[in-house]
>>> print(open('query.txt').read())   # compact mmCIF, C-alpha atoms and all ligand atoms
# COMPACT_ATOMS: atom_id res chain seq x y z
CA MET A 1 8.33 236.51 9.38
CA SER A 2 8.35 233.24 11.28
CA THR A 3 5.04 231.47 11.89
CA SER A 4 6.55 229.03 14.39
CA THR A 5 4.52 227.40 17.13
CA PRO A 6 5.42 229.35 20.30
CA THR A 7 6.31 227.45 23.45
CA ASN A 8 6.11 228.38 27.11
CA ASP A 9 9.87 228.13 27.13
CA PRO A 10 11.42 231.27 28.67
CA THR A 11 13.84 231.51 25.74
CA GLY A 12 10.87 232.05 23.39
CA LEU A 13 12.19 229.42 20.99
CA PRO A 14 9.72 227.62 18.73
CA ALA A 15 8.67 224.04 19.49
CA PHE A 16 9.90 220.99 17.63
CA PRO A 17 8.06 219.15 16.19
CA GLY A 18 5.77 222.00 15.17
CA LYS A 19 2.01 221.66 14.95
CA ARG A 20 0.40 220.77 11.64
CA ASP A 21 -2.64 222.48 10.21
CA ALA A 22 -5.63 220.15 10.82
CA ARG A 23 -6.93 221.02 7.35
CA CYS A 24 -3.77 219.66 5.69
CA PRO A 25 -2.81 216.67 7.86
CA PHE A 26 -0.23 215.50 5.32
CA ASP A 27 1.78 218.72 5.15
CA PRO A 28 4.60 219.39 7.61
CA PRO A 29 4.09 222.43 9.86
CA GLN A 30 4.20 225.70 7.93
CA GLU A 31 7.22 227.03 9.83
CA TYR A 32 9.47 224.32 8.37
CA THR A 33 9.42 226.24 5.09
CA ASP A 34 10.79 229.32 6.91
CA TRP A 35 13.41 227.21 8.64
CA ARG A 36 14.62 225.77 5.33
CA GLU A 37 14.87 229.23 3.83
CA ALA A 38 16.58 230.95 6.78
CA GLU A 39 20.33 231.12 7.10
CA GLY A 40 22.07 228.55 9.27
CA LEU A 41 20.04 226.08 11.34
CA GLN A 42 16.92 226.71 13.42
CA ARG A 43 17.14 226.74 17.22
CA ALA A 44 14.06 225.15 18.83
CA VAL A 45 12.90 223.45 22.01
CA SER A 46 12.26 219.74 21.94
CA HIS A 47 11.56 217.44 24.90
CA GLY A 48 12.14 220.44 27.15
CA GLU A 49 15.64 221.25 25.88
CA PRO A 50 17.01 223.59 23.21
CA LEU A 51 18.57 221.96 20.13
CA TRP A 52 19.44 222.59 16.48
CA VAL A 53 16.95 221.58 13.78
CA VAL A 54 18.35 220.50 10.40
CA SER A 55 15.67 221.06 7.73
CA ARG A 56 17.26 221.46 4.27
CA TYR A 57 17.58 218.28 2.17
CA ALA A 58 21.32 218.75 1.57
CA ASP A 59 21.93 219.49 5.26
CA VAL A 60 19.91 216.43 6.31
CA ARG A 61 22.15 214.19 4.23
CA ALA A 62 25.28 215.98 5.44
CA ALA A 63 24.23 215.62 9.09
CA LEU A 64 23.41 211.94 8.74
CA SER A 65 26.79 211.15 7.19
CA ASP A 66 28.86 213.22 9.64
CA PRO A 67 30.71 211.02 12.18
CA ARG A 68 31.02 214.02 14.53
CA LEU A 69 27.27 213.78 15.14
CA SER A 70 26.78 210.84 17.51
CA SER A 71 23.76 208.53 17.91
CA ASP A 72 24.84 207.46 21.39
CA ASP A 73 22.08 208.51 23.80
CA ARG A 74 24.34 207.94 26.82
CA ARG A 75 26.35 211.04 25.87
CA PRO A 76 25.50 214.27 27.72
CA GLY A 77 23.50 216.63 25.53
CA TYR A 78 21.73 213.86 23.58
CA PRO A 79 18.30 215.34 22.81
CA ALA A 80 15.83 212.70 23.99
CA SER A 81 15.52 209.90 26.50
CA SER A 82 15.29 206.43 24.99
CA GLY A 83 12.34 205.61 27.26
CA LYS A 84 13.57 202.07 27.76
CA PRO A 85 14.11 200.61 31.22
CA GLY A 86 17.69 201.40 32.29
CA ASP A 87 18.65 197.78 32.88
CA LEU A 88 18.11 196.76 29.26
CA PRO A 89 21.23 196.53 27.07
CA GLN A 90 22.09 199.31 24.60
CA SER A 91 20.78 198.70 21.06
CA PHE A 92 23.13 199.41 18.14
CA GLN A 93 20.72 202.04 16.87
CA ARG A 94 22.05 204.15 19.74
CA MET A 95 25.73 203.41 19.19
CA ASP A 96 28.40 204.84 16.90
CA ASP A 97 30.77 203.13 14.48
CA PRO A 98 32.80 200.98 14.67
CA GLU A 99 30.76 199.17 17.38
CA HIS A 100 27.48 200.04 15.65
CA ALA A 101 28.72 198.69 12.30
CA ARG A 102 29.98 195.48 13.90
CA LEU A 103 26.61 194.71 15.48
CA ARG A 104 24.50 195.93 12.56
CA MET A 105 26.44 193.74 10.14
CA MET A 106 25.23 190.65 12.01
CA LEU A 107 21.63 191.46 11.03
CA THR A 108 22.00 192.77 7.47
CA GLY A 109 21.84 189.27 5.92
CA GLU A 110 18.48 188.74 7.63
CA LEU A 111 16.84 191.74 5.98
CA THR A 112 18.08 191.60 2.38
CA ILE A 113 15.60 191.96 -0.48
CA LYS A 114 16.01 188.24 -1.23
CA ARG A 115 15.20 187.19 2.35
CA VAL A 116 12.31 189.61 2.58
CA GLU A 117 10.80 188.37 -0.70
CA ARG A 118 10.59 184.88 0.80
CA MET A 119 8.19 186.33 3.37
CA ARG A 120 5.89 187.99 0.80
CA PRO A 121 3.36 185.09 0.52
CA ASP A 122 3.07 184.96 4.33
CA VAL A 123 2.53 188.72 4.51
CA GLN A 124 -0.11 188.46 1.76
CA LYS A 125 -1.91 185.82 3.81
CA MET A 126 -1.73 187.99 6.94
CA ALA A 127 -3.21 190.97 5.09
CA ASP A 128 -6.04 188.82 3.70
CA ASP A 129 -6.75 187.21 7.06
CA PHE A 130 -6.85 190.54 8.94
CA LEU A 131 -9.18 191.96 6.28
CA ASP A 132 -11.45 188.89 6.53
CA GLN A 133 -11.67 189.40 10.28
CA MET A 134 -12.30 193.12 9.94
CA ILE A 135 -15.04 192.57 7.35
CA ALA A 136 -16.63 189.84 9.48
CA LYS A 137 -16.81 192.17 12.50
CA GLY A 138 -18.72 194.70 10.42
CA GLN A 139 -18.44 198.40 9.68
CA PRO A 140 -17.36 200.95 10.67
CA ALA A 141 -13.95 199.56 11.64
CA ASP A 142 -10.79 201.15 12.98
CA LEU A 143 -8.23 200.45 10.28
CA VAL A 144 -5.35 201.22 12.65
CA ARG A 145 -6.36 198.60 15.19
CA ASP A 146 -7.69 195.96 12.78
CA TYR A 147 -5.17 196.16 9.93
CA ALA A 148 -2.31 198.66 10.13
CA LEU A 149 -1.00 197.73 13.61
CA PRO A 150 -1.35 193.92 13.59
CA ILE A 151 0.42 193.27 10.25
CA PRO A 152 3.89 194.61 11.20
CA SER A 153 3.81 192.99 14.62
CA LEU A 154 2.95 189.59 13.14
CA VAL A 155 5.65 190.10 10.50
CA ILE A 156 8.29 190.71 13.18
CA SER A 157 7.15 187.68 15.15
CA LEU A 158 7.51 185.61 11.95
CA LEU A 159 10.98 187.06 11.34
CA LEU A 160 12.13 186.35 14.89
CA GLY A 161 10.50 182.92 15.07
CA VAL A 162 7.96 183.64 17.82
CA PRO A 163 5.85 180.43 18.05
CA TYR A 164 2.22 180.72 17.03
CA SER A 165 1.05 179.89 20.55
CA ASP A 166 2.79 183.05 21.84
CA HIS A 167 1.48 185.40 19.13
CA GLU A 168 -1.28 186.77 21.29
CA PHE A 169 1.08 187.73 24.13
CA PHE A 170 3.55 189.21 21.65
CA GLN A 171 0.88 191.13 19.71
CA GLN A 172 -0.72 192.47 22.86
CA HIS A 173 2.52 193.84 24.33
CA SER A 174 3.83 195.18 21.05
CA ASN A 175 0.56 196.98 20.42
CA THR A 176 0.70 198.48 23.93
CA LEU A 177 4.27 199.56 23.31
CA THR A 178 3.43 201.38 20.11
CA ASP A 179 -0.07 202.62 20.90
CA ALA A 180 -0.28 206.41 20.91
CA ASN A 181 -2.44 206.27 24.04
CA THR A 182 0.03 204.29 26.19
CA THR A 183 1.81 206.24 28.94
CA GLU A 184 5.64 206.27 29.24
CA GLN A 185 5.33 204.04 32.30
CA GLY A 186 3.08 201.63 30.35
CA LYS A 187 5.67 201.54 27.56
CA ARG A 188 8.46 200.72 29.99
CA VAL A 189 6.42 197.86 31.44
CA ALA A 190 5.60 196.51 27.96
CA SER A 191 9.22 196.71 26.74
CA GLY A 192 10.44 195.04 29.94
CA ALA A 193 7.88 192.23 29.46
CA LEU A 194 8.84 191.78 25.80
CA PHE A 195 12.56 191.77 26.59
CA GLY A 196 11.98 189.13 29.30
CA TYR A 197 9.93 187.07 26.85
CA LEU A 198 12.59 187.36 24.12
CA LEU A 199 15.33 186.32 26.53
CA GLU A 200 13.32 183.26 27.46
CA LEU A 201 12.72 182.57 23.74
CA VAL A 202 16.49 182.70 23.14
CA GLY A 203 16.85 179.94 25.75
CA ARG A 204 14.16 177.85 24.05
CA LYS A 205 15.76 178.32 20.59
CA GLU A 206 19.11 177.24 21.96
CA ARG A 207 17.54 173.91 22.83
CA GLU A 208 15.32 173.65 19.74
CA PRO A 209 16.57 175.82 16.87
CA GLY A 210 14.23 176.75 14.01
CA ASP A 211 14.53 178.51 10.64
CA ASP A 212 14.46 182.05 12.03
CA LEU A 213 16.61 185.08 12.90
CA ILE A 214 16.99 184.30 16.61
CA SER A 215 18.06 180.69 15.97
CA ARG A 216 20.60 181.80 13.37
CA LEU A 217 22.06 184.47 15.66
CA ILE A 218 22.42 181.86 18.41
CA GLY A 219 24.07 179.34 16.07
CA GLU A 220 26.35 181.79 14.28
CA ARG A 221 27.09 184.53 16.84
CA VAL A 222 26.34 183.45 20.41
CA ALA A 223 28.17 180.18 19.85
CA THR A 224 31.30 182.13 18.79
CA GLY A 225 31.07 184.56 21.72
CA GLU A 226 30.42 187.59 19.42
CA LEU A 227 26.99 188.19 20.97
CA THR A 228 25.49 187.46 24.36
CA ARG A 229 21.98 186.08 24.81
CA GLU A 230 20.96 189.54 26.06
CA ASP A 231 22.28 191.12 22.84
CA VAL A 232 20.13 188.76 20.78
CA ALA A 233 17.02 189.53 22.86
CA MET A 234 17.77 193.26 22.49
CA ASP A 235 18.15 192.91 18.70
CA GLY A 236 14.69 191.35 18.67
CA LEU A 237 13.21 194.14 20.77
CA MET A 238 14.91 196.82 18.66
CA LEU A 239 13.55 195.31 15.43
CA LEU A 240 10.10 195.22 16.94
CA ILE A 241 10.24 198.82 18.14
CA ALA A 242 11.86 200.19 14.98
CA GLY A 243 9.70 198.25 12.58
CA HIS A 244 6.26 198.26 14.13
CA GLU A 245 5.12 201.81 14.77
CA THR A 246 6.75 203.20 11.62
CA THR A 247 5.21 200.64 9.27
CA ALA A 248 1.83 200.74 11.02
CA ASN A 249 1.59 204.53 10.77
CA MET A 250 2.74 204.51 7.17
CA THR A 251 -0.01 201.99 6.33
CA ALA A 252 -2.76 203.97 8.04
CA LEU A 253 -1.64 207.44 6.92
CA SER A 254 -1.08 206.23 3.34
CA THR A 255 -4.61 204.83 3.33
CA LEU A 256 -5.93 208.20 4.47
CA ALA A 257 -3.86 210.06 1.86
CA LEU A 258 -5.18 207.74 -0.84
CA LEU A 259 -8.79 208.23 0.31
CA VAL A 260 -8.26 211.98 0.02
CA HIS A 261 -6.56 211.57 -3.41
CA PRO A 262 -8.81 209.00 -5.19
CA ASP A 263 -7.03 209.43 -8.56
CA GLN A 264 -3.77 208.36 -6.90
CA ALA A 265 -5.52 205.43 -5.18
CA ALA A 266 -6.85 204.28 -8.56
CA ARG A 267 -3.29 204.11 -9.96
CA ILE A 268 -2.39 201.58 -7.25
CA ARG A 269 -5.67 199.66 -7.29
CA ASP A 270 -5.99 199.31 -11.07
CA THR A 271 -2.47 198.29 -12.05
CA ASP A 272 -1.13 194.76 -12.30
CA ASP A 273 2.43 196.08 -12.64
CA PRO A 274 4.37 195.62 -9.37
CA ALA A 275 6.81 198.34 -10.48
CA VAL A 276 3.98 200.92 -10.49
CA VAL A 277 3.02 199.90 -6.94
CA ALA A 278 6.65 199.97 -5.77
CA ASN A 279 7.12 203.44 -7.22
CA ALA A 280 3.90 204.66 -5.61
CA ILE A 281 5.07 203.41 -2.20
CA GLU A 282 8.33 205.40 -2.53
CA GLU A 283 6.36 208.56 -3.23
CA LEU A 284 4.04 207.91 -0.27
CA LEU A 285 7.09 207.38 1.96
CA ARG A 286 8.49 210.72 0.79
CA TYR A 287 5.24 212.66 0.86
CA LEU A 288 4.21 211.46 4.33
CA THR A 289 7.63 210.97 6.01
CA VAL A 290 6.18 209.61 9.25
CA PRO A 291 9.42 209.67 11.34
CA GLN A 292 8.86 213.27 12.43
CA ASP A 293 10.65 213.41 15.79
CA HIS A 294 12.78 210.36 15.63
CA VAL A 295 16.29 211.14 14.45
CA TRP A 296 18.54 212.68 17.06
CA ARG A 297 22.26 213.31 17.31
CA VAL A 298 24.72 215.05 19.65
CA ALA A 299 27.89 216.83 18.50
CA THR A 300 31.11 215.23 19.76
CA GLU A 301 33.19 218.26 18.70
CA ASP A 302 32.60 221.76 17.31
CA LEU A 303 31.49 221.61 13.68
CA THR A 304 29.80 223.74 11.04
CA LEU A 305 26.72 222.40 9.29
CA GLY A 306 24.43 224.31 6.94
CA GLY A 307 26.40 227.46 7.73
CA GLN A 308 25.81 227.05 11.47
CA LEU A 309 28.39 226.50 14.18
CA ILE A 310 27.33 223.61 16.41
CA ARG A 311 29.26 223.32 19.67
CA ALA A 312 30.45 220.03 21.13
CA GLY A 313 27.72 218.62 23.41
CA GLU A 314 24.84 220.39 21.63
CA GLY A 315 21.86 218.32 20.51
CA VAL A 316 20.64 218.12 16.92
CA THR A 317 17.37 216.83 15.47
CA VAL A 318 17.19 215.86 11.82
CA ASN A 319 13.92 217.08 10.33
CA LEU A 320 13.18 214.39 7.75
CA PRO A 321 9.68 215.69 6.81
CA ALA A 322 11.17 219.11 5.96
CA GLY A 323 14.04 217.56 3.97
CA ASN A 324 11.67 215.49 1.84
CA ARG A 325 9.59 218.60 0.99
CA ASP A 326 12.60 220.70 -0.01
CA PRO A 327 12.11 222.23 -3.50
CA ALA A 328 15.88 221.92 -3.90
CA PHE A 329 15.40 218.13 -3.79
CA LEU A 330 12.49 217.76 -6.24
CA ASP A 331 9.87 219.82 -8.10
CA ARG A 332 6.35 220.34 -6.68
CA PRO A 333 7.40 218.84 -3.33
CA ASP A 334 3.96 219.38 -1.76
CA ALA A 335 2.11 217.34 -4.41
CA LEU A 336 1.41 213.62 -4.03
CA ASP A 337 2.24 212.11 -7.42
CA VAL A 338 2.59 208.33 -7.27
CA ASP A 339 3.98 208.22 -10.82
CA ARG A 340 6.95 210.47 -10.17
CA ASN A 341 10.49 209.41 -9.37
CA SER A 342 11.14 210.24 -5.71
CA ARG A 343 14.32 208.20 -5.41
CA GLY A 344 16.80 209.74 -3.00
CA HIS A 345 14.13 210.60 -0.41
CA VAL A 346 15.22 210.45 3.22
CA ALA A 347 12.17 208.81 4.83
CA PHE A 348 14.46 205.93 5.84
CA GLY A 349 17.23 208.30 6.91
CA TYR A 350 20.65 208.30 5.27
CA GLY A 351 24.21 207.23 5.97
CA THR A 352 25.44 204.62 8.40
CA HIS A 353 22.18 204.38 10.42
CA GLN A 354 19.89 204.32 7.37
CA CYS A 355 16.93 202.04 8.07
CA LEU A 356 18.01 198.42 8.25
CA GLY A 357 14.44 197.18 7.70
CA GLN A 358 13.62 199.26 4.62
CA SER A 359 13.22 196.29 2.25
CA LEU A 360 10.87 194.65 4.70
CA ALA A 361 8.89 197.87 5.21
CA ARG A 362 8.59 198.38 1.45
CA MET A 363 7.37 194.83 0.92
CA GLU A 364 4.79 195.12 3.73
CA LEU A 365 3.42 198.34 2.24
CA GLN A 366 3.47 196.90 -1.30
CA VAL A 367 1.24 194.10 -0.02
CA ALA A 368 -0.95 195.92 2.52
CA LEU A 369 -2.07 198.92 0.45
CA PRO A 370 -3.05 197.32 -2.89
CA THR A 371 -4.72 194.41 -1.05
CA LEU A 372 -6.86 196.84 0.93
CA LEU A 373 -7.78 198.99 -2.08
CA ARG A 374 -8.63 196.00 -4.27
CA ARG A 375 -10.64 194.05 -1.73
CA LEU A 376 -12.61 197.08 -0.54
CA PRO A 377 -13.01 199.32 -3.61
CA GLY A 378 -15.73 201.28 -1.80
CA LEU A 379 -13.47 202.09 1.17
CA ARG A 380 -14.26 205.49 2.66
CA LEU A 381 -13.72 207.53 5.82
CA ALA A 382 -16.49 206.92 8.36
CA VAL A 383 -16.00 210.33 10.06
CA PRO A 384 -15.22 213.82 8.71
CA LEU A 385 -11.50 214.36 8.03
CA GLU A 386 -11.32 217.19 10.62
CA GLU A 387 -12.43 214.81 13.38
CA LEU A 388 -9.47 212.47 13.04
CA ARG A 389 -7.03 212.53 15.95
CA LEU A 390 -3.56 213.14 14.55
CA ARG A 391 -0.33 212.06 16.22
CA HIS A 392 0.97 215.64 16.38
CA ASP A 393 3.49 215.22 19.16
CA MET A 394 4.52 211.61 18.66
CA ALA A 395 7.92 210.41 17.42
CA VAL A 396 6.15 208.80 14.47
CA TYR A 397 3.40 210.85 12.83
CA GLY A 398 0.08 209.34 11.78
CA VAL A 399 -3.53 208.96 12.88
CA ARG A 400 -4.54 207.56 16.25
CA GLU A 401 -7.60 205.86 14.78
CA LEU A 402 -8.86 205.60 11.22
CA PRO A 403 -12.61 204.82 11.23
CA VAL A 404 -13.56 203.42 7.82
CA ALA A 405 -16.59 201.96 6.10
CA TRP A 406 -16.83 200.17 2.70
C1 LIG A 501 7.85 202.68 6.84
C2 LIG A 501 8.53 202.10 7.77
C3 LIG A 501 9.84 202.58 8.32
C4 LIG A 501 10.37 203.84 8.37
C5 LIG A 501 9.78 205.13 7.80
C6 LIG A 501 11.65 203.74 9.04
C7 LIG A 501 12.52 204.80 9.25
C8 LIG A 501 13.76 204.70 9.83
C9 LIG A 501 14.69 205.78 10.00
C10 LIG A 501 14.43 207.22 9.58
C11 LIG A 501 15.81 205.29 10.58
C12 LIG A 501 17.10 206.06 10.88
C13 LIG A 501 17.21 206.52 12.32
C14 LIG A 501 18.46 207.32 12.57
O1 LIG A 501 19.22 207.67 11.68
O2 LIG A 501 18.69 207.64 13.76
C15 LIG A 501 15.59 203.88 10.81
C16 LIG A 501 16.49 203.03 11.42
C17 LIG A 501 16.24 201.71 11.68
N1 LIG A 501 15.14 200.98 11.27
FE1 LIG A 501 13.56 201.67 10.23
N2 LIG A 501 11.86 202.44 9.40
C18 LIG A 501 10.79 201.69 8.98
C19 LIG A 501 10.60 200.32 9.14
C20 LIG A 501 11.51 199.46 9.71
C21 LIG A 501 11.35 198.03 9.82
C22 LIG A 501 10.19 197.22 9.26
C23 LIG A 501 12.43 197.57 10.52
C24 LIG A 501 12.81 196.16 10.92
C25 LIG A 501 12.04 195.19 11.14
C26 LIG A 501 13.27 198.71 10.83
C27 LIG A 501 14.45 198.63 11.53
C28 LIG A 501 15.30 199.69 11.71
C29 LIG A 501 16.55 199.57 12.46
C30 LIG A 501 17.11 198.31 13.11
C31 LIG A 501 17.13 200.85 12.44
C32 LIG A 501 18.46 201.26 13.08
C33 LIG A 501 19.55 201.16 12.05
C34 LIG A 501 20.89 201.60 12.58
O3 LIG A 501 20.96 202.35 13.55
O4 LIG A 501 21.89 201.19 11.97
N3 LIG A 501 12.68 199.84 10.34
N4 LIG A 501 14.33 203.54 10.33
>>> encode(input="query.txt", output="structure tokens")
Amino acid sequence: MSTSTPTNDPTGLPAFPGKRDARCPFDPPQEYTDWREAEGLQRAVSHGEPLWVVSRYADVRAALSDPRLSSDDRRPGYPASSGKPGDLPQSFQRMDDPEHARLRMMLTGELTIKRVERMRPDVQKMADDFLDQMIAKGQPADLVRDYALPIPSLVISLLLGVPYSDHEFFQQHSNTLTDANTTEQGKRVASGALFGYLLELVGRKEREPGDDLISRLIGERVATGELTREDVAMDGLMLLIAGHETTANMTALSTLALLVHPDQAARIRDTDDPAVVANAIEELLRYLTVPQDHVWRVATEDLTLGGQLIRAGEGVTVNLPAGNRDPAFLDRPDALDVDRNSRGHVAFGYGTHQCLGQSLARMELQVALPTLLRRLPGLRLAVPLEELRLRHDMAVYGVRELPVAW
């Protein structure tokens, strides 16, 4: 029997994403288990429209490597609105190959492991500085606002070459953009302001180039006519949007999961082996899979996936949290075990659109979590677990606030 969250939809279809049990904030909604076990794919309502939900691990990977499932949100039937102001250029995240591959390739060199490792000392300093400020303000503190949100936004401004004098403007608008409490209209205003700022920054970097992503794109791609100035500003905005909310929610929700599983926290806090930390982060990425309503596609032709016929023009959502908890992927999927091998997880997606910033995200988490646990060994929740406000219906799952004491 299905335990799906009912909707007011006249079709009686269940809602996607489903609602989690407040007592187990880390577990995907119970109905996802039924959906994985049922034949074919699940039909559900998401953003007011019916679509197919892909929940089995093997089907998730098949969907994400199928060129007949398009990422182009301008196509009719695409499941969700991008929410960006209509006059902004299209980002390659919402394009298909070969155009997507051509534009993505221009950024891959900027986000390699080698490049990202060069930023590690700066990220370490950011983590330490934000903790100093949080400690100085006194307890309790909101770890989301004081630590988890500001680190990724400062990291992106470092990557793009946003001058220090503009950090406050950049931080303020990027926090507004990714804050769970901001309205859609507020988000449009913030993304418009950031795009305008980035376009102006492109102009400044043309005159005075620095050692940063925007300056290199201008020198290597705008100069050759491969990219316009607007494309470069859009790349910056896309990196900010894609890399901020995801990393921030992973930091905060991982902290919560580690507070609830102190033995697992101790493994990260007490080791001086970076490989143990790196492995633990992979397992946290799998176990928490924060991109819960984030990966959408539309069929460009009729196709069969997971035993289900999908018609051309029908929308599909790829249920990454369900895929990463599939017992066909790994044993004891509902346990958090930071020592296990969770390689092959799909928290960063799969296939041609697989997360471009994954090395950066890993490095940020490898710095942020051990630093926090080691500097504040007495860290604890300042409110009962049941009182936390969870991001049930947001694209990226997590906690709205995380009040902590130490
Ligand atoms: C824990 C943090 C992160 C998670 C869980 C995450 C997850 C994802 C997922 C699931 C996708 C695939 C979307 C799809 O197939 O439609 C994606 C794409 C992407 N991510 Fe991340 N991401 C994270 C951090 C970052 C960071 C730090 C950056 C860059 C600064 C970034 C940049 C991107 C970009 C540019 C894409 C689009 C790639 C493409 O379409 O080719 N992400 N991410």
>>> closest_residue(input="query.txt", among="A:Asp179, A:Asp337, A:Asp211, A:Asp66", to="Val396 in chain A", atoms="all atoms listed in the file")
A:Asp179
>>> closest_atom_pairs(input="query.txt", of="chain A", to="ligand LIG 501 (chain A)", cutoff="6 Å", atoms="only C-alpha atoms and all ligand atoms", output="Markdown table")
| residue | atom | partner | partner_atom | distance |
| --- | --- | --- | --- | --- |
| A:Phe92 | CA | A:LIG501 | O3 | 5.9 |
| A:Gln93 | CA | A:LIG501 | O3 | 3.3 |
| A:Arg104 | CA | A:LIG501 | O4 | 5.9 |
| A:Leu239 | CA | A:LIG501 | C25 | 4.5 |
| A:Ala242 | CA | A:LIG501 | C27 | 4.6 |
| A:Gly243 | CA | A:LIG501 | C21 | 3.2 |
| A:Thr246 | CA | A:LIG501 | C2 | 4.4 |
| A:Thr247 | CA | A:LIG501 | C2 | 3.9 |
| A:Met250 | CA | A:LIG501 | C1 | 5.4 |
| A:Val290 | CA | A:LIG501 | C5 | 5.9 |
| A:Pro291 | CA | A:LIG501 | C5 | 5.8 |
| A:Val295 | CA | A:LIG501 | O2 | 4.3 |
| A:Ala347 | CA | A:LIG501 | C5 | 5.3 |
| A:Phe348 | CA | A:LIG501 | C10 | 4.0 |
| A:Gly349 | CA | A:LIG501 | C10 | 4.0 |
| A:His353 | CA | A:LIG501 | O4 | 3.6 |
| A:Gln354 | CA | A:LIG501 | C12 | 4.8 |
| A:Cys355 | CA | A:LIG501 | C16 | 3.5 |
| A:Leu356 | CA | A:LIG501 | C28 | 4.6 |
| A:Gly357 | CA | A:LIG501 | C23 | 3.5 |
| A:Gln358 | CA | A:LIG501 | C20 | 5.5 |
| A:Leu360 | CA | A:LIG501 | C22 | 5.3 |
| A:Ala361 | CA | A:LIG501 | C22 | 4.3 |
>>> atom_distance(input="query.txt", atom1="CA of His100 in chain A", atom2="CA of Ser153 in chain A")
24.7 Å
>>> closest_residue(input="query.txt", among="A:Phe170, A:Tyr147, A:Tyr32, A:Tyr78", to="Lys19 in chain A", atoms="all atoms listed in the file")
A:Tyr32
>>> closest_residue(input="query.txt", among="A:Gly109, A:Pro121, A:Cys24, A:Arg36", to="Asn324 in chain A", atoms="all atoms listed in the file")
A:Arg36
>>> closest_residue(input="query.txt", among="A:Gly161, A:Pro67, A:Pro377, A:Pro79", to="Glu314 in chain A", atoms="only C-alpha atoms")
A:Pro79
>>> closest_residue(input="query.txt", among="A:Ala15, A:Gly203, A:Glu401, A:Val45", to="Asn181 in chain A", atoms="only C-alpha atoms")
A:Glu401
>>> atom_distance(input="query.txt", atom1="CA of Glu283 in chain A", atom2="CA of Val338 in chain A")
5.5 Å
>>> atom_distance(input="query.txt", atom1="CA of Val276 in chain A", atom2="CA of Leu288 in chain A")
18.2 Å
>>> residues_near_point(input="query.txt", point="(-5.3, 202.4, -10.1)", cutoff="12 Å", atoms="only C-alpha atoms", output="PyMOL selection string")
chain A and resi 258+261-274+276-277+280+338-339+369-370+373-374+377
>>> closest_residue(input="query.txt", among="A:Pro152, A:Pro29, A:Pro89, A:Gly77", to="Met363 in chain A", atoms="only C-alpha atoms")
A:Pro152
>>> closest_atom_pairs(input="query.txt", of="range 243-321 of chain A", to="range 140-143 of chain A", cutoff="12 Å", atoms="all atoms listed in the file", output="tab-separated table")
residue	atom	partner	partner_atom	distance
A:Ala248	CA	A:Leu143	CA	10.1
A:Asn249	CA	A:Leu143	CA	10.6
A:Thr251	CA	A:Leu143	CA	9.2
A:Ala252	CA	A:Leu143	CA	6.9
A:Leu253	CA	A:Leu143	CA	10.2
A:Ser254	CA	A:Leu143	CA	11.5
A:Thr255	CA	A:Leu143	CA	9.0
A:Leu256	CA	A:Leu143	CA	10.0
>>> axis_aligned_box(input="query.txt", around="range 61-80 of chain A", padding_each_side="6 Å", output="AutoDock Vina command-line options")
--center_x 23.4 --center_y 212.0 --center_z 16.0 --size_x 27.2 --size_y 21.2 --size_z 35.5
>>> residues_around(input="query.txt", residues="range 172-178 of chain A", least_positions_apart="2", cutoff="7 Å", atoms="all atoms listed in the file", output="ChimeraX atom specification")
/A:153,168-170,180,182,187,190-191,194,245
>>> residues_around(input="query.txt", residues="Ala278 in chain A", least_positions_apart="6", cutoff="9 Å", atoms="all atoms listed in the file", output="ChimeraX atom specification")
/A:362-363,365-366
>>> residues_around(input="query.txt", residues="Thr317 in chain A", least_positions_apart="2", cutoff="8 Å", atoms="only C-alpha atoms", output="VMD selection string")
chain A and resid 51 to 54 79 293 to 297 315 319
>>> decode(input="query.txt", residues="range 372-390 of chain A", atoms="C-alpha atoms", output="PDB file, in the first residue's frame")
ATOM      1  CA  LEU A 372      34.098  23.185  13.269  1.00  0.00           C
ATOM      2  CA  LEU A 373      34.246  19.889  15.175  1.00  0.00           C
ATOM      3  CA  ARG A 374      37.830  20.431  16.326  1.00  0.00           C
ATOM      4  CA  ARG A 375      37.501  24.053  17.366  1.00  0.00           C
ATOM      5  CA  LEU A 376      34.208  23.518  19.192  1.00  0.00           C
ATOM      6  CA  PRO A 377      34.385  19.976  20.628  1.00  0.00           C
ATOM      7  CA  GLY A 378      31.440  20.772  22.908  1.00  0.00           C
ATOM      8  CA  LEU A 379      29.197  21.798  20.000  1.00  0.00           C
ATOM      9  CA  ARG A 380      25.548  20.929  20.648  1.00  0.00           C
ATOM     10  CA  LEU A 381      22.054  21.776  19.453  1.00  0.00           C
ATOM     11  CA  ALA A 382      20.606  24.748  21.340  1.00  0.00           C
ATOM     12  CA  VAL A 383      16.971  23.681  20.710  1.00  0.00           C
ATOM     13  CA  PRO A 384      15.234  20.269  20.655  1.00  0.00           C
ATOM     14  CA  LEU A 385      15.658  18.440  17.334  1.00  0.00           C
ATOM     15  CA  GLU A 386      11.870  18.461  16.706  1.00  0.00           C
ATOM     16  CA  GLU A 387      11.824  22.271  16.783  1.00  0.00           C
ATOM     17  CA  LEU A 388      14.162  22.717  13.830  1.00  0.00           C
ATOM     18  CA  ARG A 389      12.546  24.124  10.707  1.00  0.00           C
ATOM     19  CA  LEU A 390      13.348  21.793   7.822  1.00  0.00           C
TER      20      LEU A 390
END
